[in-house]
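> This is coords30.txt, which holds compact mmCIF, C-alpha atoms:
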```
# COMPACT_ATOMS: atom_id res chain seq x y z
CA MET W 5 17.60 10.05 29.45
CA ALA W 6 17.95 8.88 25.85
CA THR W 7 21.33 9.28 24.18
CA ASP W 8 21.45 11.94 21.50
CA ARG W 9 21.10 10.56 17.99
CA LYS W 10 22.60 12.25 14.95
CA ILE W 11 20.84 11.75 11.61
CA LEU W 12 22.19 12.91 8.24
CA LEU W 13 19.43 13.73 5.73
CA LEU W 14 20.65 13.94 2.14
CA GLY W 15 18.16 15.96 0.08
CA SER W 16 15.40 18.34 1.08
CA GLY W 17 12.85 17.63 -1.63
CA PHE W 18 9.08 17.46 -1.45
CA VAL W 19 8.89 14.32 0.75
CA ALA W 20 11.50 15.37 3.28
CA GLY W 21 9.25 17.51 5.51
CA PRO W 22 7.03 14.73 6.94
CA ALA W 23 10.10 12.54 7.56
CA VAL W 24 11.88 15.36 9.40
CA GLY W 25 8.75 16.27 11.37
CA TYR W 26 8.27 12.68 12.50
CA LEU W 27 11.87 12.17 13.61
CA LEU W 28 12.10 15.44 15.49
CA ARG W 29 9.26 14.50 17.82
CA ARG W 30 11.93 12.58 19.67
CA PRO W 31 13.98 15.12 21.64
CA GLU W 32 17.17 13.07 21.38
CA ASN W 33 17.18 13.29 17.56
CA HIS W 34 19.29 15.93 15.83
CA LEU W 35 19.29 16.29 12.04
CA THR W 36 21.87 17.59 9.63
CA ILE W 37 20.13 18.52 6.37
CA ALA W 38 22.55 18.35 3.45
CA CYS W 39 21.94 19.68 -0.05
CA ARG W 40 24.22 20.81 -2.82
CA ARG W 41 22.59 24.22 -2.55
CA ILE W 42 22.78 25.48 1.01
CA SER W 43 19.67 27.63 0.47
CA HIS W 44 17.56 24.50 -0.04
CA ALA W 45 18.88 22.95 3.16
CA GLU W 46 18.31 26.19 5.07
CA ALA W 47 14.72 26.51 3.82
CA LEU W 48 13.82 23.14 5.38
CA ALA W 49 15.99 23.55 8.49
CA ASN W 50 14.33 26.88 9.29
CA LEU W 51 11.02 25.06 9.85
CA TYR W 52 12.28 22.72 12.56
CA PRO W 53 14.31 22.73 15.79
CA ARG W 54 17.53 20.73 16.24
CA THR W 55 18.46 20.93 12.57
CA THR W 56 21.71 22.04 10.97
CA PRO W 57 21.85 22.90 7.25
CA ILE W 58 25.03 22.18 5.30
CA SER W 59 26.13 22.29 1.68
CA LEU W 60 27.25 18.89 0.41
CA ASP W 61 27.96 17.42 -3.01
CA VAL W 62 27.76 13.63 -2.68
CA ASN W 63 30.15 13.29 -5.61
CA ASP W 64 32.83 14.82 -3.39
CA LYS W 65 33.91 11.60 -1.72
CA GLN W 66 35.96 13.25 1.01
CA ALA W 67 33.14 15.63 1.97
CA LEU W 68 30.61 12.79 1.94
CA ASP W 69 32.82 10.60 4.11
CA GLU W 70 33.30 13.42 6.59
CA ALA W 71 29.55 14.02 6.89
CA VAL W 72 28.59 10.33 7.10
CA SER W 73 31.26 9.58 9.73
CA LYS W 74 29.73 12.09 12.18
CA HIS W 75 26.22 10.60 12.19
CA ASP W 76 24.43 7.50 13.45
CA LEU W 77 22.16 7.01 10.44
CA VAL W 78 21.85 8.41 6.91
CA ILE W 79 18.55 9.03 5.12
CA SER W 80 19.19 9.36 1.40
CA LEU W 81 16.44 11.16 -0.53
CA ILE W 82 18.66 12.07 -3.48
CA PRO W 83 18.31 10.41 -6.92
CA TYR W 84 18.73 6.63 -6.72
CA THR W 85 21.76 6.70 -9.03
CA ALA W 86 23.72 8.38 -6.21
CA HIS W 87 22.74 5.89 -3.49
CA PRO W 88 25.73 3.58 -4.16
CA LEU W 89 28.08 6.45 -3.26
CA VAL W 90 26.23 6.91 0.01
CA ILE W 91 26.10 3.19 0.79
CA GLU W 92 29.82 2.77 0.12
CA SER W 93 30.62 5.58 2.56
CA ALA W 94 28.17 4.24 5.14
CA ILE W 95 29.73 0.78 5.05
CA LYS W 96 33.17 2.31 5.52
CA PHE W 97 32.04 4.01 8.75
CA LYS W 98 29.52 1.32 9.80
CA LYS W 99 26.47 3.62 9.58
CA ASN W 100 22.90 2.53 8.80
CA VAL W 101 21.07 3.92 5.75
CA VAL W 102 17.40 4.38 4.83
CA THR W 103 16.09 5.24 1.33
CA THR W 104 12.69 5.30 -0.36
CA SER W 105 14.10 4.01 -3.66
CA TYR W 106 13.88 0.63 -5.35
CA VAL W 107 16.96 -1.51 -4.76
CA SER W 108 19.03 -1.21 -7.93
CA PRO W 109 21.64 -3.83 -8.92
CA ALA W 110 24.36 -1.31 -7.99
CA MET W 111 22.86 -1.01 -4.50
CA LYS W 112 22.30 -4.76 -4.10
CA ALA W 113 25.99 -5.33 -4.84
CA PHE W 114 26.77 -3.99 -1.35
CA ASP W 115 24.62 -6.61 0.42
CA GLN W 116 27.46 -8.87 1.56
CA ALA W 117 29.64 -5.95 2.67
CA ALA W 118 26.74 -4.49 4.65
CA LYS W 119 26.20 -7.84 6.41
CA GLU W 120 29.91 -8.25 7.15
CA ASN W 121 30.03 -4.77 8.67
CA GLY W 122 26.82 -5.27 10.64
CA ILE W 123 24.78 -2.46 9.10
CA THR W 124 21.25 -2.09 7.84
CA ILE W 125 20.59 -0.54 4.41
CA LEU W 126 16.79 -0.35 4.35
CA ASN W 127 15.17 0.76 1.07
CA GLU W 128 11.72 0.97 -0.55
CA VAL W 129 10.06 2.53 2.51
CA GLY W 130 7.94 5.24 0.87
CA LEU W 131 4.61 4.76 -0.86
CA ASP W 132 5.28 2.98 -4.15
CA PRO W 133 7.62 1.37 -3.30
CA GLY W 134 6.81 1.14 0.38
CA ILE W 135 3.27 1.07 1.72
CA ASP W 136 2.33 -1.13 -1.24
CA HIS W 137 4.82 -3.78 -0.09
CA LEU W 138 3.66 -3.63 3.52
CA TYR W 139 0.03 -4.47 2.81
CA ALA W 140 0.77 -6.92 0.01
CA ILE W 141 3.01 -9.02 2.25
CA LYS W 142 0.61 -8.68 5.20
CA THR W 143 -2.33 -10.11 3.22
CA ILE W 144 -0.29 -12.75 1.39
CA ASN W 145 1.08 -14.00 4.70
CA GLU W 146 -2.43 -14.13 6.17
CA VAL W 147 -3.72 -16.16 3.19
CA HIS W 148 -0.78 -18.56 3.27
CA SER W 149 -0.90 -19.04 7.05
CA ASN W 150 -4.57 -20.11 6.67
CA GLY W 151 -3.68 -22.65 3.98
CA GLY W 152 -4.90 -20.55 1.05
CA LYS W 153 -3.40 -19.56 -2.31
CA ILE W 154 -3.05 -16.26 -4.18
CA ILE W 155 -4.45 -16.88 -7.66
CA SER W 156 -4.12 -13.28 -8.85
CA PHE W 157 -2.48 -10.12 -7.50
CA ILE W 158 -3.31 -6.78 -9.12
CA SER W 159 -2.05 -3.52 -7.66
CA TYR W 160 -2.52 0.03 -8.95
CA CYS W 161 -1.31 3.27 -7.41
CA GLY W 162 -1.80 6.87 -8.50
CA GLY W 163 -0.60 10.22 -7.25
CA LEU W 164 -3.12 12.63 -8.72
CA PRO W 165 -4.81 15.98 -8.24
CA ALA W 166 -7.94 15.68 -6.12
CA PRO W 167 -10.96 15.69 -8.49
CA GLU W 168 -11.64 19.41 -8.02
CA ALA W 169 -8.00 20.19 -8.92
CA SER W 170 -7.87 18.01 -12.07
CA ASN W 171 -8.81 21.06 -14.11
CA ASN W 172 -6.53 20.77 -17.14
CA PRO W 173 -6.41 18.66 -20.32
CA LEU W 174 -4.24 15.93 -18.80
CA GLY W 175 -6.13 15.78 -15.52
CA TYR W 176 -2.71 15.88 -13.93
CA LYS W 177 -0.45 18.28 -12.03
CA PHE W 178 3.17 18.30 -11.05
CA SER W 179 4.50 18.97 -7.59
CA TRP W 180 8.00 17.98 -8.70
CA SER W 181 9.87 17.33 -11.95
CA SER W 182 7.56 16.20 -14.73
CA ARG W 183 10.20 14.38 -16.75
CA GLY W 184 9.79 11.00 -15.10
CA ILE W 185 6.02 11.19 -15.44
CA VAL W 186 5.80 11.81 -19.17
CA GLU W 187 8.89 9.84 -20.14
CA ILE W 188 7.51 6.47 -19.04
CA PRO W 189 4.59 5.97 -21.45
CA GLY W 190 5.28 4.57 -24.90
CA HIS W 191 3.18 3.61 -27.90
CA GLN W 192 2.22 0.18 -26.65
CA LEU W 193 1.77 1.16 -23.02
CA MET W 194 -0.86 3.78 -23.73
CA GLN W 195 -2.78 1.35 -25.92
CA VAL W 196 -3.18 -1.21 -23.12
CA ALA W 197 -4.52 1.33 -20.61
CA LYS W 198 -8.01 0.33 -19.57
CA PRO W 199 -10.80 1.69 -17.35
CA TYR W 200 -10.44 0.55 -13.76
CA VAL W 201 -13.04 0.96 -11.02
CA ILE W 202 -12.03 1.39 -7.38
CA TYR W 203 -14.70 3.81 -6.23
CA PRO W 204 -17.53 4.69 -8.66
CA ALA W 205 -16.91 8.43 -8.23
CA PHE W 206 -13.49 8.19 -9.92
CA ALA W 207 -13.01 7.68 -13.67
CA PHE W 208 -9.62 5.96 -13.77
CA LEU W 209 -7.50 4.39 -16.46
CA ALA W 210 -4.87 1.87 -15.39
CA TYR W 211 -1.71 0.71 -17.14
CA PRO W 212 1.31 -1.42 -16.12
CA ASN W 213 4.36 0.57 -15.06
CA ARG W 214 7.10 -1.99 -14.47
CA ASP W 215 7.98 -5.60 -15.10
CA SER W 216 5.89 -7.22 -12.38
CA THR W 217 7.27 -10.74 -12.70
CA PRO W 218 10.02 -10.36 -10.02
CA PHE W 219 7.28 -9.82 -7.44
CA ARG W 220 6.27 -13.46 -7.72
CA GLU W 221 9.54 -14.14 -5.89
CA PHE W 222 9.70 -10.94 -3.77
CA TYR W 223 6.19 -11.52 -2.43
CA ASN W 224 6.56 -15.32 -2.23
CA ILE W 225 3.56 -16.11 -4.41
CA PRO W 226 4.88 -18.74 -6.87
CA GLU W 227 1.31 -20.02 -7.24
CA ALA W 228 -0.03 -16.72 -8.65
CA GLN W 229 -1.20 -16.95 -12.25
CA THR W 230 -1.49 -13.17 -12.71
CA ILE W 231 0.68 -10.42 -11.21
CA VAL W 232 0.19 -6.80 -12.28
CA ARG W 233 1.57 -3.63 -10.71
CA GLY W 234 0.59 -0.41 -12.42
CA THR W 235 -0.35 3.25 -12.45
CA LEU W 236 -3.67 5.08 -12.18
CA ARG W 237 -4.52 8.21 -14.14
CA TYR W 238 -7.80 9.97 -14.81
CA GLN W 239 -9.52 9.06 -18.08
CA GLY W 240 -8.27 11.24 -20.90
CA PHE W 241 -4.63 11.18 -19.78
CA THR W 242 -3.51 8.18 -21.81
CA ASP W 243 -5.05 9.33 -25.13
CA PHE W 244 -3.44 12.73 -24.66
CA VAL W 245 -0.02 11.20 -24.02
CA LYS W 246 -0.47 8.78 -26.92
CA VAL W 247 -0.85 11.75 -29.30
CA LEU W 248 2.25 13.42 -27.82
CA VAL W 249 4.17 10.18 -28.40
CA ASP W 250 2.81 9.54 -31.89
CA ILE W 251 3.75 12.94 -33.27
CA GLY W 252 7.20 12.86 -31.67
CA LEU W 253 6.96 15.45 -28.89
CA LEU W 254 8.40 13.03 -26.31
CA ASN W 255 11.57 12.47 -28.34
CA SER W 256 14.58 12.51 -25.98
CA SER W 257 17.32 13.00 -28.59
CA GLU W 258 19.17 16.31 -28.83
CA GLN W 259 17.84 18.85 -31.35
CA ASP W 260 20.12 21.61 -32.70
CA TYR W 261 17.32 24.16 -32.67
CA LEU W 262 16.60 23.52 -28.97
CA THR W 263 20.11 24.02 -27.59
CA PRO W 264 20.42 26.85 -25.06
CA ASP W 265 22.47 28.99 -27.49
CA ALA W 266 20.11 28.48 -30.46
CA PRO W 267 17.91 31.38 -31.61
CA ASP W 268 14.52 31.89 -29.99
CA ILE W 269 11.81 29.67 -31.45
CA THR W 270 8.06 29.60 -30.90
CA TRP W 271 5.99 26.55 -30.03
CA ARG W 272 4.17 26.84 -33.34
CA ASP W 273 7.52 26.63 -35.20
CA VAL W 274 8.69 23.71 -33.06
CA LEU W 275 5.48 21.84 -33.82
CA ALA W 276 5.89 22.53 -37.56
CA LYS W 277 9.43 21.10 -37.43
CA VAL W 278 8.25 18.03 -35.55
CA LEU W 279 5.49 17.46 -38.12
CA GLY W 280 7.81 18.22 -41.04
CA VAL W 281 5.61 20.99 -42.51
CA THR W 282 6.40 24.56 -43.56
CA ASP W 283 2.91 25.98 -43.03
CA ASN W 284 2.77 26.70 -39.29
CA SER W 285 -0.78 28.01 -39.19
CA GLU W 286 -2.90 26.52 -36.43
CA SER W 287 -5.38 25.04 -38.90
CA ASN W 288 -2.62 23.25 -40.82
CA LEU W 289 -0.92 21.99 -37.65
CA ARG W 290 -4.23 20.66 -36.33
CA ALA W 291 -5.01 18.95 -39.64
CA ASN W 292 -1.57 17.31 -39.77
CA ILE W 293 -1.84 16.01 -36.23
CA THR W 294 -5.33 14.61 -36.83
CA SER W 295 -4.23 12.87 -40.05
CA ARG W 296 -1.44 11.01 -38.25
CA ILE W 297 -3.46 9.68 -35.33
CA SER W 298 -5.59 6.56 -35.50
CA GLY W 299 -7.81 4.86 -32.97
CA ILE W 300 -9.02 8.00 -31.17
CA PRO W 301 -12.67 9.07 -31.69
CA GLU W 302 -13.25 12.47 -33.30
CA GLU W 303 -14.76 14.05 -30.17
CA ASP W 304 -11.76 12.92 -28.09
CA MET W 305 -9.38 14.25 -30.75
CA ASP W 306 -11.11 17.63 -30.53
CA ARG W 307 -10.62 17.60 -26.78
CA ILE W 308 -6.93 16.73 -27.16
CA LEU W 309 -6.35 19.53 -29.67
CA ARG W 310 -8.06 21.98 -27.34
CA GLY W 311 -5.58 20.76 -24.76
CA PHE W 312 -2.68 21.44 -27.15
CA LYS W 313 -3.98 24.98 -27.51
CA TRP W 314 -4.33 25.37 -23.73
CA ILE W 315 -0.73 24.24 -23.21
CA GLY W 316 0.36 26.76 -25.85
CA LEU W 317 1.61 24.42 -28.56
CA PHE W 318 -0.09 26.46 -31.33
CA SER W 319 1.11 29.77 -29.89
CA ASP W 320 3.77 32.33 -30.70
CA ASN W 321 5.24 31.88 -27.22
CA ASN W 322 8.96 31.20 -27.26
CA VAL W 323 9.86 27.80 -25.83
CA GLU W 324 12.30 27.28 -22.98
CA ARG W 325 15.00 25.48 -24.95
CA ARG W 326 16.25 22.45 -23.01
CA GLY W 327 18.03 20.49 -25.73
CA THR W 328 15.42 17.81 -26.41
CA LEU W 329 11.74 17.91 -27.33
CA LEU W 330 10.88 15.95 -24.20
CA ASP W 331 12.67 18.30 -21.82
CA THR W 332 11.43 21.40 -23.65
CA LEU W 333 7.84 20.16 -23.40
CA CYS W 334 8.37 19.33 -19.72
CA ALA W 335 9.44 22.92 -19.07
CA THR W 336 6.10 24.13 -20.42
CA LEU W 337 4.07 21.47 -18.62
CA GLU W 338 5.72 22.26 -15.29
CA GLU W 339 4.86 25.92 -15.75
CA LYS W 340 1.25 25.32 -16.81
CA MET W 341 0.33 22.42 -14.55
CA GLN W 342 1.34 23.39 -11.02
CA TYR W 343 -0.91 23.11 -8.01
CA ALA W 344 -2.51 26.45 -7.20
CA GLU W 345 -2.60 27.67 -3.63
CA GLY W 346 -5.14 25.66 -1.63
CA GLU W 347 -5.45 22.85 -4.21
CA ARG W 348 -5.24 19.30 -2.91
CA ASP W 349 -3.47 16.30 -4.31
CA MET W 350 -4.61 12.73 -3.77
CA VAL W 351 -3.00 9.32 -3.43
CA LEU W 352 -4.96 6.16 -4.18
CA LEU W 353 -3.51 2.68 -3.83
CA GLN W 354 -5.41 -0.57 -4.19
CA HIS W 355 -4.31 -4.19 -4.05
CA LYS W 356 -6.78 -6.76 -5.33
CA PHE W 357 -6.13 -10.41 -4.44
CA GLU W 358 -8.03 -13.32 -5.93
CA VAL W 359 -7.77 -15.94 -3.21
CA GLU W 360 -8.49 -19.66 -3.11
CA THR W 361 -9.08 -20.70 0.50
CA LYS W 362 -7.98 -24.01 2.04
CA ASP W 363 -11.46 -25.48 1.45
CA GLY W 364 -11.55 -24.39 -2.21
CA LYS W 365 -13.69 -21.26 -1.93
CA ARG W 366 -12.88 -18.24 -4.08
CA GLU W 367 -12.66 -14.80 -2.46
CA THR W 368 -11.62 -11.32 -3.54
CA TRP W 369 -9.60 -9.42 -0.96
CA THR W 370 -8.79 -5.73 -1.35
CA SER W 371 -6.51 -3.31 0.47
CA THR W 372 -7.26 0.34 -0.33
CA LEU W 373 -5.55 3.56 0.73
CA LEU W 374 -7.06 6.95 -0.14
CA GLU W 375 -5.22 9.98 1.19
CA TYR W 376 -5.74 13.68 0.42
CA GLY W 377 -3.30 16.55 0.82
CA LYS W 378 -4.05 19.05 3.55
CA PRO W 379 -3.21 22.56 2.27
CA PRO W 380 -1.34 24.54 3.40
CA GLY W 381 0.24 21.50 5.03
CA PRO W 382 1.95 18.57 3.33
CA SER W 383 0.69 16.98 0.15
CA ALA W 384 -0.74 13.46 0.22
CA MET W 385 2.30 12.28 -1.72
CA ALA W 386 4.74 13.87 0.73
CA THR W 387 2.84 12.39 3.69
CA THR W 388 2.66 8.87 2.29
CA VAL W 389 6.31 8.81 1.18
CA GLY W 390 7.94 10.84 3.96
CA THR W 391 6.09 9.40 6.96
CA PRO W 392 6.98 5.71 6.41
CA CYS W 393 10.54 6.82 5.67
CA GLY W 394 10.75 8.63 9.01
CA ILE W 395 9.15 5.69 10.80
CA ALA W 396 11.59 3.21 9.26
CA ALA W 397 14.56 5.38 10.19
CA GLN W 398 13.38 5.60 13.80
CA LEU W 399 12.82 1.84 13.99
CA VAL W 400 16.37 1.23 12.74
CA LEU W 401 17.76 3.75 15.26
CA ASP W 402 15.80 2.04 18.05
CA GLY W 403 17.03 -1.42 17.06
CA VAL W 404 13.50 -2.65 16.36
CA ILE W 405 14.54 -3.32 12.76
CA GLU W 406 17.90 -4.99 13.18
CA LYS W 407 18.32 -7.22 10.13
CA LYS W 408 21.59 -6.54 8.29
CA GLY W 409 22.31 -6.17 4.59
CA VAL W 410 20.69 -4.33 1.67
CA LEU W 411 17.00 -4.79 2.43
CA ALA W 412 13.47 -4.01 1.27
CA PRO W 413 10.31 -4.49 3.38
CA TYR W 414 9.44 -8.00 2.26
CA THR W 415 9.49 -9.77 5.65
CA LEU W 416 7.16 -9.48 8.64
CA ASP W 417 9.92 -8.49 11.07
CA ILE W 418 10.33 -5.26 9.05
CA ILE W 419 6.72 -4.84 7.92
CA ASN W 420 4.75 -5.24 11.14
CA PRO W 421 6.39 -2.46 13.18
CA ILE W 422 6.17 -0.02 10.25
CA ILE W 423 2.45 -0.78 9.78
CA GLU W 424 1.81 -0.39 13.52
CA ASN W 425 3.39 3.06 13.54
CA LEU W 426 1.85 4.14 10.23
CA GLU W 427 -1.62 3.48 11.60
CA LYS W 428 -0.80 5.58 14.67
CA GLU W 429 -0.20 8.43 12.20
CA GLY W 430 -3.67 7.98 10.71
CA ILE W 431 -2.41 6.40 7.48
CA LYS W 432 -4.73 3.41 7.34
CA VAL W 433 -5.43 0.93 4.58
CA ILE W 434 -9.00 -0.36 4.39
CA GLU W 435 -9.02 -4.16 4.05
CA GLU W 436 -12.11 -5.97 2.76
CA LYS W 437 -13.00 -9.42 1.45
CA VAL W 438 -15.87 -10.74 -0.65
CA GLU W 439 -16.70 -14.43 -1.08
CA TYR W 440 -18.13 -15.59 -4.41
```
In structure tokens, what does this structure look like?


Amino acid sequence: MATDRKILLLGSGFVAGPAVGYLLRRPENHLTIACRRISHAEALANLYPRTTPISLDVNDKQALDEAVSKHDLVISLIPYTAHPLVIESAIKFKKNVVTTSYVSPAMKAFDQAAKENGITILNEVGLDPGIDHLYAIKTINEVHSNGGKIISFISYCGGLPAPEASNNPLGYKFSWSSRGIVEIPGHQLMQVAKPYVIYPAFAFLAYPNRDSTPFREFYNIPEAQTIVRGTLRYQGFTDFVKVLVDIGLLNSSEQDYLTPDAPDITWRDVLAKVLGVTDNSESNLRANITSRISGIPEEDMDRILRGFKWIGLFSDNNVERRGTLLDTLCATLEEKMQYAEGERDMVLLQHKFEVETKDGKRETWTSTLLEYGKPPGPSAMATTVGTPCGIAAQLVLDGVIEKKGVLAPYTLDIINPIIENLEKEGIKVIEEKVEY
């Protein structure tokens, strides 16, 4: 009979369910679900056997140490800025850790201590980062082992509403906080977005989302002339965001009139302040916005302004004052752009490799994942982030992944067993190649 295993899960957010469900198939696994708010932990724990909800603030070092010390492995699904606190505690008590976050410099600083204490801190085992790494390294290794070269690596990933649920001006919906989504794009970024075809039925725009140059080293492709990792959105999204940026609605500096104790203010008055006009009539606001925007065709500008009206930016509705224009806008977007009951989300990931074979032929290889949510079950995003996280945690518990240090899935000893188990869960990437 297997020895009981105790797992501490920090956070109960949208991706936690599939991870918990996967781990609890094994009868020896017992989970403690820890959140700052006990009600959040209880809501998830009530859905599964062998779970114990607790209230825990990871900033309380003594409480964190006490919780970590009682478990065999910690899964940290809290914001990445708090991971160093968790890792420090885990090293103290020689406990393994799994996260879905990118390895930050603050996390990487614990690498030597983790090795010296014989523990595994495995990160980047979600979707992006996560599944993207698995199939990039798999293909790159296959090309290299056959004497070939990677000339170009282009990878785009999007978490989107399924087409039938993309029924708003941004073609986008939020199943969690919107701030990170709308904060990323800037003036230049939106201007380089370009149409990108994966399947003809989807009208996508693609734009870079991070500095991709470190992946030349991470993926061991020094020969690659082009490396791009980016984001997919439906066409129309980037022009809409560009207008929000250009008129100043994504400003993240504090505004006196948006503090919680400021007087009530309507969206129409906020927009007038942002535009620096006293006439807050809809016609004047529309004219001012149009006069400030260049490079967007008139028919698209009309569509964007209809979207402004749909969101309520020309209305007499009082805003939810959150201190900054960005956060105040996010409050409205989160309210207006939720998934309705029964609506599906969608995840689409594609790697495109331009390959030169050993005998000098050129080929295009692609790896494509298309996953839909299954209402009322988990979303596609929760499935594709939570499932690999649960798999990775189980593989660490079982000693299949035994490498020590602060790690990401960049080597075959980590990648292959995760892929094998992912495919058993029905999460399969379609791999194709075309010679030209």

> So that I can check the surroundings of Thr270 in chain W, please list as a list in words every protein, DNA and RNA residue that reaches within 8 Å of it, counting all atoms listed in the file and ignoring chain neighbours fewer than 5 positions away.

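Contacts, with the query itself left out: Ser319, Asp320, Asn321, Asn322 and Val323 of chain W.
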
> So the first atom is CA of Ala47 in chain W and the second is CA of Asp76 in chain W; what is the distance between them in Å, to one decimal place?

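Atom-to-atom, CA of Ala47 in chain W and CA of Asp76 in chain W are spaced 23.4 Å apart.
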
> Given the point (4.2, 23.7, -24.5) in the file's coordinates, find the residues that have an atom at most 10 Å from it, counting all atoms listed in the file, and give them as a list in words.

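I get Leu253, Thr270, Trp271, Arg272, Val274, Leu275, Phe312, Lys313, Trp314, Ile315, Gly316, Leu317, Phe318, Ser319, Asn321, Asn322, Val323, Glu324, Leu329, Thr332, Leu333, Cys334, Ala335, Thr336, Leu337, Glu338, Glu339 and Lys340 of chain W for the residues within 10 Å of that point.
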
> Tell me which of W:Glu367, W:Asp243, W:Val438, W:Gly409 sits closest to Glu302 in chain W, counting all atoms listed in the file.

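Closest residue, counting all atoms listed in the file: W:Asp243.
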
> Excluding Thr294 in chain W and its own-chain neighbours fewer than 4 positions away, which residues fall within 10 Å of it when counting only C-alpha atoms? Please give them as a compact mmCIF listing (two decimals) with C-alpha atoms, in the coordinates of the input.


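Result file out31.txt:
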```
# COMPACT_ATOMS: atom_id res chain seq x y z
CA VAL W 247 -0.85 11.75 -29.30
CA ILE W 251 3.75 12.94 -33.27
CA ASN W 288 -2.62 23.25 -40.82
CA LEU W 289 -0.92 21.99 -37.65
CA ARG W 290 -4.23 20.66 -36.33
CA SER W 298 -5.59 6.56 -35.50
CA ILE W 300 -9.02 8.00 -31.17
CA GLU W 302 -13.25 12.47 -33.30
CA MET W 305 -9.38 14.25 -30.75
CA ASP W 306 -11.11 17.63 -30.53
CA LEU W 309 -6.35 19.53 -29.67
```

> Which one of W:Asp417, W:Glu345, W:Asp304, W:Glu439 sits closest to Val359 in chain W if you count only C-alpha atoms?

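For Val359 in chain W, the nearest of the given residues is W:Glu439.
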
> Any idea what's packed within 12 Å of His87 in chain W, counting all atoms listed in the file, ignoring anything in its chain fewer than 2 positions away? Could you give it as a PDB file with C-alpha atoms, in the coordinates of the input?


```pdb
ATOM      1  CA  LEU W  14      20.650  13.940   2.140  1.00  0.00           C
ATOM      2  CA  GLY W  15      18.160  15.960   0.080  1.00  0.00           C
ATOM      3  CA  VAL W  62      27.760  13.630  -2.680  1.00  0.00           C
ATOM      4  CA  ASN W  63      30.150  13.290  -5.610  1.00  0.00           C
ATOM      5  CA  LEU W  68      30.610  12.790   1.940  1.00  0.00           C
ATOM      6  CA  VAL W  78      21.850   8.410   6.910  1.00  0.00           C
ATOM      7  CA  ILE W  79      18.550   9.030   5.120  1.00  0.00           C
ATOM      8  CA  SER W  80      19.190   9.360   1.400  1.00  0.00           C
ATOM      9  CA  LEU W  81      16.440  11.160  -0.530  1.00  0.00           C
ATOM     10  CA  ILE W  82      18.660  12.070  -3.480  1.00  0.00           C
ATOM     11  CA  PRO W  83      18.310  10.410  -6.920  1.00  0.00           C
ATOM     12  CA  TYR W  84      18.730   6.630  -6.720  1.00  0.00           C
ATOM     13  CA  THR W  85      21.760   6.700  -9.030  1.00  0.00           C
ATOM     14  CA  LEU W  89      28.080   6.450  -3.260  1.00  0.00           C
ATOM     15  CA  VAL W  90      26.230   6.910   0.010  1.00  0.00           C
ATOM     16  CA  ILE W  91      26.100   3.190   0.790  1.00  0.00           C
ATOM     17  CA  GLU W  92      29.820   2.770   0.120  1.00  0.00           C
ATOM     18  CA  SER W  93      30.620   5.580   2.560  1.00  0.00           C
ATOM     19  CA  ALA W  94      28.170   4.240   5.140  1.00  0.00           C
ATOM     20  CA  VAL W 101      21.070   3.920   5.750  1.00  0.00           C
ATOM     21  CA  VAL W 102      17.400   4.380   4.830  1.00  0.00           C
ATOM     22  CA  THR W 103      16.090   5.240   1.330  1.00  0.00           C
ATOM     23  CA  THR W 104      12.690   5.300  -0.360  1.00  0.00           C
ATOM     24  CA  SER W 105      14.100   4.010  -3.660  1.00  0.00           C
ATOM     25  CA  TYR W 106      13.880   0.630  -5.350  1.00  0.00           C
ATOM     26  CA  VAL W 107      16.960  -1.510  -4.760  1.00  0.00           C
ATOM     27  CA  SER W 108      19.030  -1.210  -7.930  1.00  0.00           C
ATOM     28  CA  PRO W 109      21.640  -3.830  -8.920  1.00  0.00           C
ATOM     29  CA  ALA W 110      24.360  -1.310  -7.990  1.00  0.00           C
ATOM     30  CA  MET W 111      22.860  -1.010  -4.500  1.00  0.00           C
ATOM     31  CA  LYS W 112      22.300  -4.760  -4.100  1.00  0.00           C
ATOM     32  CA  ALA W 113      25.990  -5.330  -4.840  1.00  0.00           C
ATOM     33  CA  PHE W 114      26.770  -3.990  -1.350  1.00  0.00           C
ATOM     34  CA  ILE W 125      20.590  -0.540   4.410  1.00  0.00           C
ATOM     35  CA  LEU W 126      16.790  -0.350   4.350  1.00  0.00           C
ATOM     36  CA  ASN W 127      15.170   0.760   1.070  1.00  0.00           C
ATOM     37  CA  VAL W 410      20.690  -4.330   1.670  1.00  0.00           C
TER      38      VAL W 410
END
```

> Give the answer as one residue: which of W:Asn284, W:Ile225, W:Leu138, W:Arg326 has the shortest atom-to-atom distance to Ala266 in chain W, using all atoms listed in the file?

W:Arg326

> Suppose you want the space between CA of Lys10 in chain W and CA of Lys428 in chain W; what is it in Å?

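Between CA of Lys10 in chain W and CA of Lys428 in chain W the gap works out to 24.3 Å.
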